[in-house]
Protein chains: 2
Amino acid sequence: METVDIVFGRRNFLKKTALFSTGVAGITVLPQVGWAEPREEEEKPNVIGPRKGFTPHIGTMVSMMSWMRGPVLRTARGLTTEQLDYLHDEKSNSIGAMLLHLAATEKYYQLHTFGNMEWGSWDKAVSEKWDTAMNLGKEAREKIKGNNLEYYLNALKEVRETTIAEFKKKDDKWLLAVDEKWPWGPTNNYCKWFHVCEHESNHNGQMKWIKSRIPGLKSGND
Amino acid sequence: METVDIVFGRRNFLKKTALFSTGVAGITVLPQVGWAEPREEEEKPNVIGPRKGFTPHIGTMVSMMSWMRGPVLRTARGLTTEQLDYLHDEKSNSIGAMLLHLAATEKYYQLHTFGNMEWGSWDKAVSEKWDTAMNLGKEAREKIKGNNLEYYLNALKEVRETTIAEFKKKDDKWLLAVDEKWPWGPTNNYCKWFHVCEHESNHNGQMKWIKSRIPGLKSGND
């Protein structure tokens, strides 16, 4: 039941994925706010807020992104190549393609926000590597398959490590500064990165829905 | 294509849902941070950050929740009762039930975090009103149907207004204080409310997937 998932479902998962979470290891809860004791990130992954080594709002965004990765990894855990390739119907995306799509999205937002590149102005090699995953749909159904889970998790992990490293170089002024020209209207880097974060939940909802319908795979009730 | 959805899809939507967004009207971007001009919430809904009338982290959480509501409303916009009741297969939840589920989730987190109630210790009348939507599944398929879109949007709006009113009474110390006994491990109110927020994206992903498969309804590519 969804109730159970929301309230009781994450503990074991978080323990089991501790190794992967070390992509953001070494980050502690920052005592800047005056009432939170400094703690290691992996000890208190469910405490959202400032993190040591980042300005307060950036650290908070990092803590959300780290937390959000948890449910995604829980969905993916243990899936075989065949299950990662499963297409529920003729217009479905596979779970594998959606995992790579999350990495592609984060990669493009890196280039845009850290690299100051106009959206879509990527180097040809970058586009060739990531566009299929970014766009999903027919081409992704044809090309993104045959990979094992480690392939997708490595892509997510490698991209995330760059995000963390770049966030360390930025400050809250950068995060909050307004980009007046963004297509969805004036926005800031905080909103762009919050979107990258909630976008993982959006696709995780779809991945769970599909996972629960893979023939022969016992799964949840989504 | 998902790229288009991420980059270009929200502007018109945000304009069209401005009326609904007045559930959080009167909130302006707080100049506390020193580099953001104060603005009305509805003028800059894509600028995540502190909001006038809230402590900095709470205002930031409010800005995320307001932003996240946008894509949910976009998914729901224009759906008929029959479309809201559509069940894609024998274990699917309807879009209507998921919309009410979002309101139920927010209601229960209100009682828990603002009302200091242990999870599930709700008054009988509260449980009778919200448990079916909270639990989704079989009972929700049987009972949550026949309502028009306004019914669901009103439920979401009314619950959200209480959230906003309660957040105004709280401060960042409250948001960041750690609850050591939470089932998914030590956590804080920031994490609980971030979950309420990303949980909307999780179900929005599912709602979009289902919407795009409602017979006769032209829709996106999820």
# chains A, B, ... in the order shown; residues from 1 in each chain; ligands from 1
$ residues_around --residues "Asn147 of chain B" --least-positions-apart "5" --cutoff "12 Å" --atoms "only C-alpha atoms" --output "number ranges by chain"
B: 79-86, 94-97, 99-100, 152-155
$ write_last_selection --atoms "C-alpha atoms" --output "PDB file, in the first residue's frame"
ATOM      1  CA  LEU B  79     -10.118  16.041 -17.712  1.00  0.00           C
ATOM      2  CA  THR B  80     -13.715  14.887 -17.629  1.00  0.00           C
ATOM      3  CA  THR B  81     -15.195  12.752 -14.859  1.00  0.00           C
ATOM      4  CA  GLU B  82     -14.955   9.720 -17.108  1.00  0.00           C
ATOM      5  CA  GLN B  83     -11.274  10.432 -17.797  1.00  0.00           C
ATOM      6  CA  LEU B  84     -10.580  11.040 -14.113  1.00  0.00           C
ATOM      7  CA  ASP B  85     -12.168   7.641 -13.372  1.00  0.00           C
ATOM      8  CA  TYR B  86     -10.280   5.795 -16.132  1.00  0.00           C
ATOM      9  CA  SER B  94      -7.374   6.385 -11.462  1.00  0.00           C
ATOM     10  CA  ILE B  95      -6.077   9.916 -11.955  1.00  0.00           C
ATOM     11  CA  GLY B  96      -8.896  11.161  -9.742  1.00  0.00           C
ATOM     12  CA  ALA B  97      -7.909   8.824  -6.931  1.00  0.00           C
ATOM     13  CA  LEU B  99      -5.207  13.571  -7.049  1.00  0.00           C
ATOM     14  CA  LEU B 100      -7.174  12.887  -3.873  1.00  0.00           C
ATOM     15  CA  TYR B 152     -10.342  17.134  -6.709  1.00  0.00           C
ATOM     16  CA  LEU B 153      -8.869  20.592  -7.247  1.00  0.00           C
ATOM     17  CA  ASN B 154     -10.866  21.959  -4.330  1.00  0.00           C
ATOM     18  CA  ALA B 155      -9.597  19.183  -2.073  1.00  0.00           C
TER      19      ALA B 155
END
$ select_by_dssp --residues "segment 27-190 of chain B" --states "helix (DSSP H, G or I)" --output "PyMOL selection string"
chain B and resi 31-33+56-76+81-85+95-113+124-135+137-143+149-169+172-176+189-190
$ residues_around --residues "Gly59 of chain B" --least-positions-apart "4" --cutoff "10 Å" --atoms "only C-alpha atoms" --output "VMD selection string"
chain B and resid 27 to 30 48 to 55 63 to 65 164 167 to 168 171 to 172
$ closest_residue --among "B:Ser212, B:Thr187, B:Thr105, B:Ser66" --to "chain A" --atoms "only C-alpha atoms"
B:Thr187
$ closest_residue --among "B:Leu175, B:Leu217, B:Ile210, B:Val47" --to "Ser92 of chain A" --atoms "only C-alpha atoms"
B:Ile210
$ closest_residue --among "A:Pro215, A:Gly146, A:Gly78, A:Pro45" --to "chain B" --atoms "only C-alpha atoms"
A:Pro45
